[in-house]
file my_file_31.txt (compact mmCIF, N, CA and C atoms)
# COMPACT_ATOMS: atom_id res chain seq x y z
N MET L 98 -12.95 1.73 -12.50
CA MET L 98 -12.71 2.17 -13.86
C MET L 98 -12.16 3.60 -13.85
N LYS L 99 -11.16 3.87 -14.67
CA LYS L 99 -10.55 5.19 -14.69
C LYS L 99 -11.44 6.15 -15.47
N LYS L 100 -11.73 7.28 -14.84
CA LYS L 100 -12.54 8.34 -15.46
C LYS L 100 -11.64 9.53 -15.74
N ILE L 101 -11.97 10.26 -16.81
CA ILE L 101 -11.19 11.44 -17.18
C ILE L 101 -12.07 12.67 -17.02
N PHE L 102 -11.56 13.64 -16.28
CA PHE L 102 -12.27 14.88 -16.01
C PHE L 102 -11.53 16.04 -16.65
N SER L 103 -12.25 16.87 -17.35
CA SER L 103 -11.69 18.07 -17.94
C SER L 103 -11.73 19.18 -16.89
N VAL L 104 -10.59 19.85 -16.69
CA VAL L 104 -10.49 20.95 -15.71
C VAL L 104 -9.90 22.15 -16.44
N PRO L 105 -10.75 22.90 -17.18
CA PRO L 105 -10.23 23.97 -18.04
C PRO L 105 -9.55 25.12 -17.30
N ASP L 106 -9.87 25.32 -16.02
CA ASP L 106 -9.27 26.42 -15.25
C ASP L 106 -7.90 26.08 -14.68
N MET L 107 -7.44 24.84 -14.82
CA MET L 107 -6.14 24.44 -14.31
C MET L 107 -5.06 25.06 -15.21
N SER L 108 -4.22 25.92 -14.63
CA SER L 108 -3.28 26.67 -15.47
C SER L 108 -1.83 26.67 -14.99
N CYS L 109 -1.57 26.12 -13.79
CA CYS L 109 -0.20 26.19 -13.29
C CYS L 109 0.07 25.07 -12.28
N GLU L 110 1.30 25.01 -11.82
CA GLU L 110 1.68 23.98 -10.85
C GLU L 110 0.93 24.15 -9.52
N HIS L 111 0.59 25.38 -9.17
CA HIS L 111 -0.21 25.59 -7.96
C HIS L 111 -1.55 24.87 -8.09
N CYS L 112 -2.16 24.93 -9.25
CA CYS L 112 -3.43 24.24 -9.50
C CYS L 112 -3.24 22.73 -9.33
N VAL L 113 -2.17 22.21 -9.89
CA VAL L 113 -1.89 20.78 -9.79
C VAL L 113 -1.76 20.38 -8.33
N LYS L 114 -1.04 21.17 -7.55
CA LYS L 114 -0.85 20.86 -6.13
C LYS L 114 -2.16 20.93 -5.36
N ALA L 115 -3.01 21.92 -5.66
CA ALA L 115 -4.29 22.06 -4.98
C ALA L 115 -5.21 20.87 -5.30
N ILE L 116 -5.23 20.46 -6.54
CA ILE L 116 -6.07 19.33 -6.95
C ILE L 116 -5.53 18.03 -6.35
N THR L 117 -4.21 17.86 -6.38
CA THR L 117 -3.59 16.68 -5.78
C THR L 117 -3.91 16.59 -4.29
N LYS L 118 -3.81 17.71 -3.60
CA LYS L 118 -4.11 17.74 -2.16
C LYS L 118 -5.57 17.37 -1.91
N ALA L 119 -6.49 17.93 -2.70
CA ALA L 119 -7.91 17.63 -2.51
C ALA L 119 -8.20 16.14 -2.69
N LEU L 120 -7.60 15.53 -3.70
CA LEU L 120 -7.83 14.10 -3.94
C LEU L 120 -7.14 13.24 -2.89
N ASN L 121 -5.93 13.62 -2.48
CA ASN L 121 -5.24 12.88 -1.42
C ASN L 121 -6.00 12.97 -0.10
N ASP L 122 -6.48 14.16 0.24
CA ASP L 122 -7.22 14.35 1.49
C ASP L 122 -8.50 13.51 1.51
N ALA L 123 -9.08 13.26 0.34
CA ALA L 123 -10.30 12.46 0.24
C ALA L 123 -9.97 10.96 0.10
N LYS L 124 -8.69 10.63 0.24
CA LYS L 124 -8.22 9.24 0.21
C LYS L 124 -8.34 8.56 -1.15
N PHE L 125 -8.27 9.35 -2.22
CA PHE L 125 -8.22 8.76 -3.56
C PHE L 125 -6.77 8.46 -3.89
N SER L 126 -6.55 7.35 -4.55
CA SER L 126 -5.21 7.02 -5.00
C SER L 126 -5.30 6.58 -6.46
N GLY L 127 -4.18 6.45 -7.09
CA GLY L 127 -4.18 6.03 -8.47
C GLY L 127 -4.74 7.07 -9.42
N PHE L 128 -4.48 8.33 -9.12
CA PHE L 128 -4.96 9.40 -10.00
C PHE L 128 -3.77 10.10 -10.64
N GLU L 129 -4.06 10.78 -11.76
CA GLU L 129 -3.05 11.56 -12.47
C GLU L 129 -3.61 12.94 -12.74
N VAL L 130 -2.81 13.96 -12.52
CA VAL L 130 -3.19 15.33 -12.84
C VAL L 130 -2.30 15.77 -14.00
N ASP L 131 -2.91 16.03 -15.14
CA ASP L 131 -2.16 16.36 -16.36
C ASP L 131 -2.41 17.83 -16.69
N LEU L 132 -1.45 18.68 -16.35
CA LEU L 132 -1.57 20.12 -16.56
C LEU L 132 -1.66 20.46 -18.05
N SER L 133 -0.84 19.84 -18.88
CA SER L 133 -0.82 20.20 -20.30
C SER L 133 -2.14 19.86 -21.00
N ALA L 134 -2.79 18.79 -20.58
CA ALA L 134 -4.08 18.40 -21.16
C ALA L 134 -5.25 19.00 -20.40
N LYS L 135 -4.96 19.60 -19.23
CA LYS L 135 -5.99 20.15 -18.34
C LYS L 135 -7.01 19.07 -17.99
N GLU L 136 -6.46 17.91 -17.58
CA GLU L 136 -7.29 16.76 -17.23
C GLU L 136 -6.83 16.13 -15.92
N VAL L 137 -7.79 15.48 -15.27
CA VAL L 137 -7.52 14.67 -14.11
C VAL L 137 -8.07 13.29 -14.41
N ARG L 138 -7.24 12.27 -14.24
CA ARG L 138 -7.66 10.89 -14.45
C ARG L 138 -7.70 10.20 -13.10
N VAL L 139 -8.86 9.65 -12.77
CA VAL L 139 -9.05 9.06 -11.44
C VAL L 139 -9.73 7.70 -11.58
N GLU L 140 -9.24 6.76 -10.81
CA GLU L 140 -9.88 5.45 -10.70
C GLU L 140 -11.02 5.61 -9.70
N THR L 141 -12.27 5.63 -10.22
CA THR L 141 -13.42 5.85 -9.34
C THR L 141 -14.69 5.30 -9.95
N ASP L 142 -15.62 4.95 -9.09
CA ASP L 142 -16.96 4.56 -9.50
C ASP L 142 -17.97 5.64 -9.17
N SER L 143 -17.49 6.75 -8.59
CA SER L 143 -18.40 7.85 -8.23
C SER L 143 -17.87 9.17 -8.78
N PRO L 144 -18.08 9.42 -10.08
CA PRO L 144 -17.57 10.65 -10.69
C PRO L 144 -18.16 11.92 -10.09
N ASP L 145 -19.38 11.84 -9.57
CA ASP L 145 -19.98 13.02 -8.93
C ASP L 145 -19.16 13.46 -7.72
N LYS L 146 -18.60 12.52 -7.00
CA LYS L 146 -17.76 12.84 -5.83
C LYS L 146 -16.50 13.59 -6.27
N ILE L 147 -15.90 13.16 -7.37
CA ILE L 147 -14.70 13.83 -7.88
C ILE L 147 -15.03 15.26 -8.30
N ILE L 148 -16.13 15.41 -9.03
CA ILE L 148 -16.54 16.75 -9.47
C ILE L 148 -16.78 17.64 -8.27
N SER L 149 -17.41 17.10 -7.23
CA SER L 149 -17.66 17.87 -6.01
C SER L 149 -16.35 18.27 -5.32
N LEU L 150 -15.40 17.34 -5.22
CA LEU L 150 -14.10 17.64 -4.61
C LEU L 150 -13.35 18.72 -5.38
N LEU L 151 -13.37 18.61 -6.69
CA LEU L 151 -12.69 19.62 -7.50
C LEU L 151 -13.36 20.98 -7.37
N ASP L 152 -14.69 20.98 -7.29
CA ASP L 152 -15.43 22.22 -7.09
C ASP L 152 -15.06 22.86 -5.75
N GLU L 153 -14.99 22.05 -4.71
CA GLU L 153 -14.61 22.55 -3.39
C GLU L 153 -13.19 23.12 -3.40
N ALA L 154 -12.33 22.56 -4.25
CA ALA L 154 -10.95 23.05 -4.37
C ALA L 154 -10.88 24.31 -5.24
N GLY L 155 -12.01 24.67 -5.87
CA GLY L 155 -12.05 25.91 -6.65
C GLY L 155 -11.97 25.72 -8.15
N TYR L 156 -12.20 24.50 -8.63
CA TYR L 156 -12.06 24.21 -10.06
C TYR L 156 -13.33 23.59 -10.62
N ASP L 157 -13.81 24.17 -11.72
CA ASP L 157 -14.92 23.56 -12.44
C ASP L 157 -14.39 22.37 -13.21
N ALA L 158 -15.14 21.28 -13.17
CA ALA L 158 -14.71 20.08 -13.88
C ALA L 158 -15.92 19.40 -14.50
N THR L 159 -15.66 18.74 -15.60
CA THR L 159 -16.70 17.94 -16.26
C THR L 159 -16.13 16.58 -16.59
N LEU L 160 -17.00 15.59 -16.56
CA LEU L 160 -16.60 14.23 -16.90
C LEU L 160 -16.56 14.10 -18.41
N ASN L 161 -15.44 13.63 -18.94
CA ASN L 161 -15.32 13.37 -20.37
C ASN L 161 -15.96 12.00 -20.64
N VAL L 162 -16.82 11.96 -21.62
CA VAL L 162 -17.46 10.68 -21.97
C VAL L 162 -17.08 10.23 -23.35

call {"tool": "encode", "arguments": {"input": "my_file_31.txt", "output": "structure tokens"}}
result
Amino acid sequence: MKKIFSVPDMSCEHCVKAITKALNDAKFSGFEVDLSAKEVRVETDSPDKIISLLDEAGYDATLNV
């Protein structure tokens, strides 16, 4: 199921690249990084893992419910 994460600190293309790299390195596919909405949409059953990966990449994230 696709989950949407709010990433309020995402502000530029560098942020998009860093988040994309973190998710690719963790072998996630089928995700979208939306800079204008400051959101990441990921097909996952473990949202805590995504939040942890984004935190490790330097970005606070919350799951939108």

call {"tool": "residues_around", "arguments": {"input": "my_file_31.txt", "residues": "range 114-130 of chain L", "least_positions_apart": "2", "cutoff": "8 Å", "atoms": "all atoms listed in the file", "output": "VMD selection string"}}
result
chain L and resid 109 to 112 132 to 141 147 150 to 151 153 to 155

call {"tool": "write_last_selection", "arguments": {"input": "my_file_31.txt", "atoms": "N, CA and C atoms", "output": "tab-separated table (two decimals), in the coordinates of the input"}}
result
chain	number	residue	atom	x	y	z
L	109	CYS	N	-1.57	26.12	-13.79
L	109	CYS	CA	-0.20	26.19	-13.29
L	109	CYS	C	0.07	25.07	-12.28
L	110	GLU	N	1.30	25.01	-11.82
L	110	GLU	CA	1.68	23.98	-10.85
L	110	GLU	C	0.93	24.15	-9.52
L	111	HIS	N	0.59	25.38	-9.17
L	111	HIS	CA	-0.21	25.59	-7.96
L	111	HIS	C	-1.55	24.87	-8.09
L	112	CYS	N	-2.16	24.93	-9.25
L	112	CYS	CA	-3.43	24.24	-9.50
L	112	CYS	C	-3.24	22.73	-9.33
L	132	LEU	N	-1.45	18.68	-16.35
L	132	LEU	CA	-1.57	20.12	-16.56
L	132	LEU	C	-1.66	20.46	-18.05
L	133	SER	N	-0.84	19.84	-18.88
L	133	SER	CA	-0.82	20.20	-20.30
L	133	SER	C	-2.14	19.86	-21.00
L	134	ALA	N	-2.79	18.79	-20.58
L	134	ALA	CA	-4.08	18.40	-21.16
L	134	ALA	C	-5.25	19.00	-20.40
L	135	LYS	N	-4.96	19.60	-19.23
L	135	LYS	CA	-5.99	20.15	-18.34
L	135	LYS	C	-7.01	19.07	-17.99
L	136	GLU	N	-6.46	17.91	-17.58
L	136	GLU	CA	-7.29	16.76	-17.23
L	136	GLU	C	-6.83	16.13	-15.92
L	137	VAL	N	-7.79	15.48	-15.27
L	137	VAL	CA	-7.52	14.67	-14.11
L	137	VAL	C	-8.07	13.29	-14.41
L	138	ARG	N	-7.24	12.27	-14.24
L	138	ARG	CA	-7.66	10.89	-14.45
L	138	ARG	C	-7.70	10.20	-13.10
L	139	VAL	N	-8.86	9.65	-12.77
L	139	VAL	CA	-9.05	9.06	-11.44
L	139	VAL	C	-9.73	7.70	-11.58
L	140	GLU	N	-9.24	6.76	-10.81
L	140	GLU	CA	-9.88	5.45	-10.70
L	140	GLU	C	-11.02	5.61	-9.70
L	141	THR	N	-12.27	5.63	-10.22
L	141	THR	CA	-13.42	5.85	-9.34
L	141	THR	C	-14.69	5.30	-9.95
L	147	ILE	N	-15.90	13.16	-7.37
L	147	ILE	CA	-14.70	13.83	-7.88
L	147	ILE	C	-15.03	15.26	-8.30
L	150	LEU	N	-15.40	17.34	-5.22
L	150	LEU	CA	-14.10	17.64	-4.61
L	150	LEU	C	-13.35	18.72	-5.38
L	151	LEU	N	-13.37	18.61	-6.69
L	151	LEU	CA	-12.69	19.62	-7.50
L	151	LEU	C	-13.36	20.98	-7.37
L	153	GLU	N	-14.99	22.05	-4.71
L	153	GLU	CA	-14.61	22.55	-3.39
L	153	GLU	C	-13.19	23.12	-3.40
L	154	ALA	N	-12.33	22.56	-4.25
L	154	ALA	CA	-10.95	23.05	-4.37
L	154	ALA	C	-10.88	24.31	-5.24
L	155	GLY	N	-12.01	24.67	-5.87
L	155	GLY	CA	-12.05	25.91	-6.65
L	155	GLY	C	-11.97	25.72	-8.15

call {"tool": "atom_distance", "arguments": {"input": "my_file_31.txt", "atom1": "CA of Ser108 in chain L", "atom2": "CA of Asp142 in chain L"}}
result
26.7 Å

call {"tool": "select_by_dssp", "arguments": {"input": "my_file_31.txt", "residues": "chain L", "states": "strand (DSSP E)", "output": "PyMOL selection string"}}
result
chain L and resi 99-103+129-131+136-140+159-160

call {"tool": "atom_distance", "arguments": {"input": "my_file_31.txt", "atom1": "CA of Tyr156 in chain L", "atom2": "atom N of Asp131 in chain L"}}
result
13.3 Å

call {"tool": "residues_around", "arguments": {"input": "my_file_31.txt", "residues": "Asp157 in chain L", "least_positions_apart": "3", "cutoff": "8 Å", "atoms": "only C-alpha atoms", "output": "PyMOL selection string"}}
result
chain L and resi 104-106+148+151-152

call {"tool": "select_by_dssp", "arguments": {"input": "my_file_31.txt", "residues": "chain L", "states": "alpha helix (DSSP H)", "output": "list in words"}}
result
Glu110, His111, Cys112, Val113, Lys114, Ala115, Ile116, Thr117, Lys118, Ala119, Leu120, Asn121, Asp122, Pro144, Asp145, Lys146, Ile147, Ile148, Ser149, Leu150, Leu151, Asp152 and Glu153 of chain L

call {"tool": "atom_distance", "arguments": {"input": "my_file_31.txt", "atom1": "atom C of Asn161 in chain L", "atom2": "atom C of Ser149 in chain L"}}
result
16.6 Å

call {"tool": "decode", "arguments": {"input": "my_file_31.txt", "residues": "range 102-117 of chain L", "atoms": "N, CA and C atoms", "output": "mmCIF file, in the first residue's frame"}}
result
data_model
loop_
_atom_site.group_PDB
_atom_site.id
_atom_site.type_symbol
_atom_site.label_atom_id
_atom_site.label_comp_id
_atom_site.auth_asym_id
_atom_site.auth_seq_id
_atom_site.Cartn_x
_atom_site.Cartn_y
_atom_site.Cartn_z
ATOM 1 N N PHE L 102 4.457 10.442 3.135
ATOM 2 C CA PHE L 102 5.230 11.002 4.233
ATOM 3 C C PHE L 102 5.459 12.486 3.987
ATOM 4 N N SER L 103 5.218 13.276 4.987
ATOM 5 C CA SER L 103 5.485 14.707 4.921
ATOM 6 C C SER L 103 6.941 14.932 5.310
ATOM 7 N N VAL L 104 7.663 15.699 4.480
ATOM 8 C CA VAL L 104 9.082 16.008 4.734
ATOM 9 C C VAL L 104 9.233 17.525 4.646
ATOM 10 N N PRO L 105 8.894 18.235 5.735
ATOM 11 C CA PRO L 105 8.858 19.709 5.676
ATOM 12 C C PRO L 105 10.206 20.373 5.417
ATOM 13 N N ASP L 106 11.314 19.695 5.727
ATOM 14 C CA ASP L 106 12.642 20.290 5.525
ATOM 15 C C ASP L 106 13.152 20.141 4.097
ATOM 16 N N MET L 107 12.447 19.428 3.240
ATOM 17 C CA MET L 107 12.866 19.253 1.856
ATOM 18 C C MET L 107 12.646 20.575 1.114
ATOM 19 N N SER L 108 13.735 21.165 0.605
ATOM 20 C CA SER L 108 13.608 22.506 0.035
ATOM 21 C C SER L 108 14.249 22.698 -1.337
ATOM 22 N N CYS L 109 14.972 21.682 -1.835
ATOM 23 C CA CYS L 109 15.659 21.888 -3.109
ATOM 24 C C CYS L 109 15.926 20.553 -3.808
ATOM 25 N N GLU L 110 16.470 20.637 -4.998
ATOM 26 C CA GLU L 110 16.775 19.428 -5.762
ATOM 27 C C GLU L 110 17.834 18.562 -5.063
ATOM 28 N N HIS L 111 18.727 19.188 -4.325
ATOM 29 C CA HIS L 111 19.710 18.407 -3.559
ATOM 30 C C HIS L 111 18.986 17.503 -2.563
ATOM 31 N N CYS L 112 17.962 18.018 -1.916
ATOM 32 C CA CYS L 112 17.164 17.226 -0.967
ATOM 33 C C CYS L 112 16.515 16.047 -1.685
ATOM 34 N N VAL L 113 15.950 16.310 -2.847
ATOM 35 C CA VAL L 113 15.307 15.260 -3.627
ATOM 36 C C VAL L 113 16.309 14.167 -3.960
ATOM 37 N N LYS L 114 17.497 14.552 -4.387
ATOM 38 C CA LYS L 114 18.529 13.574 -4.733
ATOM 39 C C LYS L 114 18.977 12.774 -3.521
ATOM 40 N N ALA L 115 19.124 13.422 -2.365
ATOM 41 C CA ALA L 115 19.544 12.728 -1.150
ATOM 42 C C ALA L 115 18.484 11.716 -0.704
ATOM 43 N N ILE L 116 17.233 12.108 -0.775
ATOM 44 C CA ILE L 116 16.137 11.212 -0.381
ATOM 45 C C ILE L 116 16.019 10.058 -1.376
ATOM 46 N N THR L 117 16.124 10.366 -2.658
ATOM 47 C CA THR L 117 16.073 9.327 -3.686
ATOM 48 C C THR L 117 17.198 8.317 -3.490
#
